[in-house]
Amino acid sequence: MENTAAALEALREEIAGGLGALVNPANPIFPVDPDLIPPPNLSAYREFVAGLRAGKLDDWDAESGHYRRAAGLDSTFIAPLVQLAYRATWLDDCDLTDSIGTSLDRRRERLTAWDRYTIDLLRARCQGDMESAVHLLEQRLEAYPRSLTATRQYANALQVANQPRAAKQILVPLNPDVDFTGRWTPEQGRAAYWSAMAASQHMLAHYDAEIDITDRWRDSASAEWLAIRGRALSGLGRGPEVLQLIQRILARGSIDSDAPSVLTIATELVAHGHQDWAMVAAESTLARLEPGSDVDSSRLQDIALANRVLGRKEPELAALERIAASNPDILLKLEAQARMAVLQADTGKAERIDKILAEASSRPLSTPTIRGAQIVARAHIAAGFGRREEAVTLLRDASARGMLPLGPSHAFHTDLLLAPLRGYPPYETLLEPEN
């Protein structure tokens with residue numbers, strides 16, 4: 001009673017922090033723990049929100065600084081540490097993710113189930129244990145069946161694990177106009193939902209159902225919509241419709257954003273045995289991709305891929321040489337150099353690159369998407385030199401220890417660098433969904 005103002009201020013802080021966590025005005029990428037108890041200190045919560053906002057601006061230094069300060073201001077507020085670990089996982093700093101996990105181990109009995117599952121699955125991914133990560137996502141959804149974040153992330157993990165039927169079963173009850181709008185606009189949410197549904201249907205070779213999805217989605221201005229419809233038409237062998245769609249894409253006049261859609265369709269045509277139509281698509285794209293001196297790396301990659309579809313070795317090599325010489329991304333450089341070694345039948349160079357990739361992918365802790373890409377790059381080398389058994393072993397390893405864009409039945413079947421494996425029974429088995 002002698003210091004009423006201080007007592008009221010403390011009460012205000014507790015109430016404001018608790019309400020802030022519930023209302024969650026920053027619309028974060030990774031939501032505050034559903035069981036958040038006790039409410040965070042208001043100053044700590046403000047730092048947390050500031051970090052989420054910095055994350056949307058891709059300012060990692062500012063973002064991570066806010067999370068660290070938030071955790072320092074309130075030691076009971078675990079959300080900033082979990083978010084820091086989550087973001088570090090995808091920003092190639094798995095050492096930080098594991099360090100946070102280790103620090104939380106000392107107070108594990110005080111963590112909520114949400115935080116325990118989340119930090120454990122992040123550490124499993126960093127350690128290259130994808131099977132455990134998927135199982136933890138399943139357990140988290142069982143513990144929080146009403147959590148849309150838990151639902152979406154588990155469905156995605158199932159697709160990456162080559163289980164499209166299970167992923168589809170989870171996605172079907174969701175409302176694309178409501179349940180995918182957490183961090184997106186309604187249009188982006190619908191695109192994310194229908195893209196995920198279409199991916200499951202495509203992995204199951206249900207191309208008619210994939211066409212139906214694009215009819216229901218009706219966002220024909222989206223490059224993603226065009227690519228999805230094009231790949232479904234390609235799977236069905238409806239060549240004239242595919243070529244009409246490609247003409248429509250290229251008529252939009254934004255070649256840098258549209259070339260990837262057309263080339264996605266072209267590789268799908270190749271995968272389904274329609275090489276002639278694929279060559280038309282690649283030639284049409286290449287005619288619009290001017291290989292000038294100031295071309296950026298993305299366009300060079302499109303030029304290389306278009307020439308790969310057309311079977312033009314020398315122009316592909318020229319594009320790859322420029323990528324290897326100018327791209328700051330070490331993995332892209334190595335991938336370009338590896339492909340050059342295969343085209344030039346340079347086994348010595350290929351062995352040196354394979355050794356670098358093997359060492360990098362064997363790190364105890366690393367970003368799962370990067371680890372997966374490194375192992376797939378090794379499989380490309382093995383396939384290019386006719387070492388089919390080794391290539392398939394590496395592809396299995398890439399799925400087990402890394403995160404692919406989608407499961408093998410989707411990610412591998414249109415990969416032109418794996419074409420030498422087609423018809424090889426272990427490889428064809430690898431492409432089967434639910435395998």
# chains A, B, ... in the order shown; residues from 1 in each chain; ligands from 1

$ select_by_dssp --residues "segment 142-181 of chain A" --states "alpha helix (DSSP H)" --output "ChimeraX atom specification"
/A:142-143,148-160,164-171

$ residues_around --residues "segment 417-434 of chain A" --least-positions-apart "6" --cutoff "7 Å" --atoms "only C-alpha atoms" --output "list in words"
Asn162, Gln163, Pro164, Met203, Leu204, His380, Ala383, Gly384, Arg388, Val392, Pro408 and Ser409 of chain A

$ residues_around --residues "Arg69 of chain A" --least-positions-apart "6" --cutoff "12 Å" --atoms "only C-alpha atoms" --output "PyMOL selection string"
chain A and resi 41+43-51+62-63+75+77-78+80-81+84

$ write_last_selection --atoms "N, CA and C atoms" --output "short mmCIF file (atom, residue, chain, number, x, y, z; two decimals), in the first residue's frame"
data_model
loop_
_atom_site.label_atom_id
_atom_site.label_comp_id
_atom_site.auth_asym_id
_atom_site.auth_seq_id
_atom_site.Cartn_x
_atom_site.Cartn_y
_atom_site.Cartn_z
N ASN A 41 6.67 -10.61 -19.68
CA ASN A 41 6.86 -9.21 -19.35
C ASN A 41 6.60 -8.38 -20.60
N SER A 43 7.79 -5.56 -21.76
CA SER A 43 9.00 -5.11 -22.47
C SER A 43 9.60 -6.26 -23.28
N ALA A 44 9.59 -7.45 -22.70
CA ALA A 44 10.11 -8.61 -23.41
C ALA A 44 9.24 -8.93 -24.62
N TYR A 45 7.93 -8.82 -24.43
CA TYR A 45 7.03 -9.12 -25.54
C TYR A 45 7.21 -8.12 -26.67
N ARG A 46 7.44 -6.85 -26.31
CA ARG A 46 7.66 -5.83 -27.35
C ARG A 46 8.92 -6.15 -28.15
N GLU A 47 9.96 -6.59 -27.47
CA GLU A 47 11.18 -6.98 -28.18
C GLU A 47 10.91 -8.17 -29.11
N PHE A 48 10.11 -9.11 -28.63
CA PHE A 48 9.77 -10.28 -29.44
C PHE A 48 9.03 -9.86 -30.71
N VAL A 49 8.05 -8.99 -30.57
CA VAL A 49 7.29 -8.50 -31.72
C VAL A 49 8.21 -7.75 -32.68
N ALA A 50 9.13 -6.94 -32.12
CA ALA A 50 10.08 -6.22 -32.97
C ALA A 50 10.95 -7.20 -33.77
N GLY A 51 11.30 -8.31 -33.15
CA GLY A 51 12.06 -9.33 -33.87
C GLY A 51 11.28 -9.95 -35.01
N ALA A 62 19.24 -7.65 -36.81
CA ALA A 62 18.28 -6.97 -35.94
C ALA A 62 17.30 -7.96 -35.33
N GLU A 63 16.83 -8.90 -36.14
CA GLU A 63 15.85 -9.88 -35.67
C GLU A 63 16.41 -10.70 -34.51
N SER A 75 13.17 -14.33 -18.29
CA SER A 75 13.72 -15.68 -18.41
C SER A 75 12.64 -16.76 -18.53
N PHE A 77 10.06 -16.44 -20.54
CA PHE A 77 9.48 -16.27 -21.87
C PHE A 77 10.33 -17.06 -22.87
N ILE A 78 9.87 -18.25 -23.24
CA ILE A 78 10.65 -19.16 -24.07
C ILE A 78 10.46 -18.88 -25.56
N PRO A 80 10.84 -16.35 -27.61
CA PRO A 80 11.93 -15.74 -28.38
C PRO A 80 13.06 -16.72 -28.69
N LEU A 81 13.37 -17.61 -27.74
CA LEU A 81 14.43 -18.58 -27.97
C LEU A 81 14.02 -19.62 -29.01
N LEU A 84 14.12 -17.93 -32.34
CA LEU A 84 15.51 -17.76 -32.74
C LEU A 84 16.07 -19.07 -33.29
#

$ residues_around --residues "Cys94 of chain A" --least-positions-apart "6" --cutoff "9 Å" --atoms "only C-alpha atoms" --output "list in words"
Ala85, Ala88, Leu122, Arg123, Cys126, Gln127, Leu365, Ser366 and Thr367 of chain A

$ residues_around --residues "Val160 of chain A" --least-positions-apart "2" --cutoff "6 Å" --atoms "only C-alpha atoms" --output "PyMOL selection string"
chain A and resi 157-158+162+406-407

$ write_last_selection --atoms "N, CA, C and O atoms" --output "mmCIF file, in the first residue's frame"
data_model
loop_
_atom_site.group_PDB
_atom_site.id
_atom_site.type_symbol
_atom_site.label_atom_id
_atom_site.label_comp_id
_atom_site.auth_asym_id
_atom_site.auth_seq_id
_atom_site.Cartn_x
_atom_site.Cartn_y
_atom_site.Cartn_z
ATOM 1 N N ALA A 157 5.614 -31.773 -44.058
ATOM 2 C CA ALA A 157 6.641 -32.764 -43.748
ATOM 3 C C ALA A 157 6.298 -34.129 -44.346
ATOM 4 O O ALA A 157 7.177 -34.856 -44.811
ATOM 5 N N LEU A 158 5.015 -34.482 -44.356
ATOM 6 C CA LEU A 158 4.600 -35.745 -44.961
ATOM 7 C C LEU A 158 4.863 -35.759 -46.459
ATOM 8 O O LEU A 158 5.282 -36.783 -47.014
ATOM 9 N N ASN A 162 7.598 -38.150 -48.773
ATOM 10 C CA ASN A 162 7.039 -38.978 -49.839
ATOM 11 C C ASN A 162 5.774 -39.727 -49.414
ATOM 12 O O ASN A 162 5.533 -40.857 -49.814
ATOM 13 N N LEU A 406 10.114 -31.368 -52.410
ATOM 14 C CA LEU A 406 8.994 -32.279 -52.123
ATOM 15 C C LEU A 406 9.569 -33.687 -52.169
ATOM 16 O O LEU A 406 10.760 -33.870 -52.444
ATOM 17 N N GLY A 407 8.730 -34.689 -51.926
ATOM 18 C CA GLY A 407 9.238 -36.049 -51.859
ATOM 19 C C GLY A 407 9.860 -36.531 -53.150
ATOM 20 O O GLY A 407 9.681 -35.928 -54.209
#

$ closest_residue --among "A:Leu404, A:Ala16, A:Ala161, A:Ala155" --to "Glu131 of chain A" --atoms "only C-alpha atoms"
A:Ala161

$ residues_around --residues "Arg252 of chain A" --least-positions-apart "5" --cutoff "12 Å" --atoms "only C-alpha atoms" --output "list in words"
Ser220, Ala221, Ser222, Ala223, Leu226, Leu245, Ile246, Gln247, Ser257, Asp258, Ala259 and Arg288 of chain A

$ write_last_selection --atoms "all heavy atoms" --output "mmCIF file, in the first residue's frame"
data_model
loop_
_atom_site.group_PDB
_atom_site.id
_atom_site.type_symbol
_atom_site.label_atom_id
_atom_site.label_comp_id
_atom_site.auth_asym_id
_atom_site.auth_seq_id
_atom_site.Cartn_x
_atom_site.Cartn_y
_atom_site.Cartn_z
ATOM 1 N N SER A 220 -5.473 -17.718 -62.466
ATOM 2 C CA SER A 220 -4.711 -17.955 -63.684
ATOM 3 C C SER A 220 -3.648 -16.903 -63.953
ATOM 4 O O SER A 220 -2.862 -17.039 -64.890
ATOM 5 C CB SER A 220 -5.661 -18.043 -64.887
ATOM 6 O OG SER A 220 -6.424 -16.853 -64.993
ATOM 7 N N ALA A 221 -3.609 -15.835 -63.155
ATOM 8 C CA ALA A 221 -2.560 -14.829 -63.329
ATOM 9 C C ALA A 221 -1.285 -15.220 -62.595
ATOM 10 O O ALA A 221 -0.227 -14.639 -62.817
ATOM 11 C CB ALA A 221 -3.046 -13.472 -62.823
ATOM 12 N N SER A 222 -1.364 -16.215 -61.726
ATOM 13 C CA SER A 222 -0.224 -16.624 -60.918
ATOM 14 C C SER A 222 0.705 -17.532 -61.718
ATOM 15 O O SER A 222 0.263 -18.478 -62.373
ATOM 16 C CB SER A 222 -0.728 -17.365 -59.668
ATOM 17 O OG SER A 222 0.282 -18.150 -59.107
ATOM 18 N N ALA A 223 2.012 -17.256 -61.629
ATOM 19 C CA ALA A 223 2.996 -18.099 -62.309
ATOM 20 C C ALA A 223 2.941 -19.525 -61.765
ATOM 21 O O ALA A 223 3.116 -20.493 -62.515
ATOM 22 C CB ALA A 223 4.394 -17.509 -62.136
ATOM 23 N N LEU A 226 0.017 -21.388 -63.314
ATOM 24 C CA LEU A 226 0.323 -21.771 -64.692
ATOM 25 C C LEU A 226 1.234 -22.993 -64.732
ATOM 26 O O LEU A 226 1.029 -23.906 -65.540
ATOM 27 C CB LEU A 226 0.975 -20.587 -65.415
ATOM 28 C CG LEU A 226 0.060 -19.372 -65.640
ATOM 29 C CD1 LEU A 226 0.888 -18.133 -65.954
ATOM 30 C CD2 LEU A 226 -0.943 -19.651 -66.750
ATOM 31 N N LEU A 245 -0.895 -23.107 -73.476
ATOM 32 C CA LEU A 245 -0.625 -22.512 -72.167
ATOM 33 C C LEU A 245 0.751 -21.845 -72.159
ATOM 34 O O LEU A 245 0.920 -20.742 -71.630
ATOM 35 C CB LEU A 245 -0.702 -23.591 -71.090
ATOM 36 C CG LEU A 245 -0.550 -23.126 -69.644
ATOM 37 C CD1 LEU A 245 -1.726 -22.235 -69.232
ATOM 38 C CD2 LEU A 245 -0.437 -24.308 -68.700
ATOM 39 N N ILE A 246 1.735 -22.490 -72.769
ATOM 40 C CA ILE A 246 3.081 -21.921 -72.822
ATOM 41 C C ILE A 246 3.085 -20.616 -73.604
ATOM 42 O O ILE A 246 3.722 -19.628 -73.195
ATOM 43 C CB ILE A 246 4.060 -22.948 -73.435
ATOM 44 C CG1 ILE A 246 4.299 -24.082 -72.431
ATOM 45 C CG2 ILE A 246 5.379 -22.288 -73.835
ATOM 46 C CD1 ILE A 246 5.060 -25.256 -73.004
ATOM 47 N N GLN A 247 2.365 -20.591 -74.715
ATOM 48 C CA GLN A 247 2.267 -19.342 -75.487
ATOM 49 C C GLN A 247 1.640 -18.237 -74.654
ATOM 50 O O GLN A 247 2.070 -17.076 -74.698
ATOM 51 C CB GLN A 247 1.447 -19.574 -76.762
ATOM 52 C CG GLN A 247 2.158 -20.430 -77.800
ATOM 53 C CD GLN A 247 1.273 -20.733 -79.001
ATOM 54 O OE1 GLN A 247 0.066 -20.437 -78.992
ATOM 55 N NE2 GLN A 247 1.849 -21.340 -80.033
ATOM 56 N N SER A 257 10.437 -13.895 -64.741
ATOM 57 C CA SER A 257 9.529 -14.537 -63.788
ATOM 58 C C SER A 257 8.772 -15.702 -64.418
ATOM 59 O O SER A 257 8.312 -16.600 -63.709
ATOM 60 C CB SER A 257 8.529 -13.508 -63.239
ATOM 61 O OG SER A 257 7.779 -12.932 -64.288
ATOM 62 N N ASP A 258 8.643 -15.718 -65.745
ATOM 63 C CA ASP A 258 7.846 -16.757 -66.402
ATOM 64 C C ASP A 258 8.669 -17.928 -66.936
ATOM 65 O O ASP A 258 8.142 -19.028 -67.116
ATOM 66 C CB ASP A 258 7.042 -16.147 -67.553
ATOM 67 C CG ASP A 258 5.924 -15.247 -67.047
ATOM 68 O OD1 ASP A 258 5.459 -15.470 -65.914
ATOM 69 O OD2 ASP A 258 5.536 -14.306 -67.760
ATOM 70 N N ALA A 259 9.960 -17.707 -67.188
ATOM 71 C CA ALA A 259 10.790 -18.798 -67.718
ATOM 72 C C ALA A 259 10.791 -20.022 -66.799
ATOM 73 O O ALA A 259 10.675 -21.153 -67.296
ATOM 74 C CB ALA A 259 12.214 -18.303 -67.956
ATOM 75 N N ARG A 288 13.727 -15.916 -75.862
ATOM 76 C CA ARG A 288 13.447 -14.684 -75.114
ATOM 77 C C ARG A 288 14.465 -14.406 -74.008
ATOM 78 O O ARG A 288 14.420 -13.359 -73.375
ATOM 79 C CB ARG A 288 12.035 -14.757 -74.510
ATOM 80 C CG ARG A 288 10.929 -14.738 -75.566
ATOM 81 C CD ARG A 288 9.605 -15.187 -74.981
ATOM 82 N NE ARG A 288 8.496 -15.014 -75.894
ATOM 83 C CZ ARG A 288 8.209 -15.842 -76.892
ATOM 84 N NH1 ARG A 288 8.970 -16.906 -77.108
ATOM 85 N NH2 ARG A 288 7.159 -15.611 -77.672
#

$ residues_around --residues "Asn327 of chain A" --least-positions-apart "3" --cutoff "10 Å" --atoms "only C-alpha atoms" --output "number ranges by chain"
A: 296-298, 322-324, 330-333, 336

$ atom_distance --atom1 "atom CA of Val242 of chain A" --atom2 "atom CA of Phe412 of chain A"
21.4 Å

$ closest_residue --among "A:Met279, A:Leu137, A:Ala411, A:Leu343" --to "Lys313 of chain A" --atoms "only C-alpha atoms"
A:Leu343

$ closest_residue --among "A:Asp212, A:Glu187, A:Glu283, A:Asp276" --to "Asn307 of chain A" --atoms "only C-alpha atoms"
A:Glu283
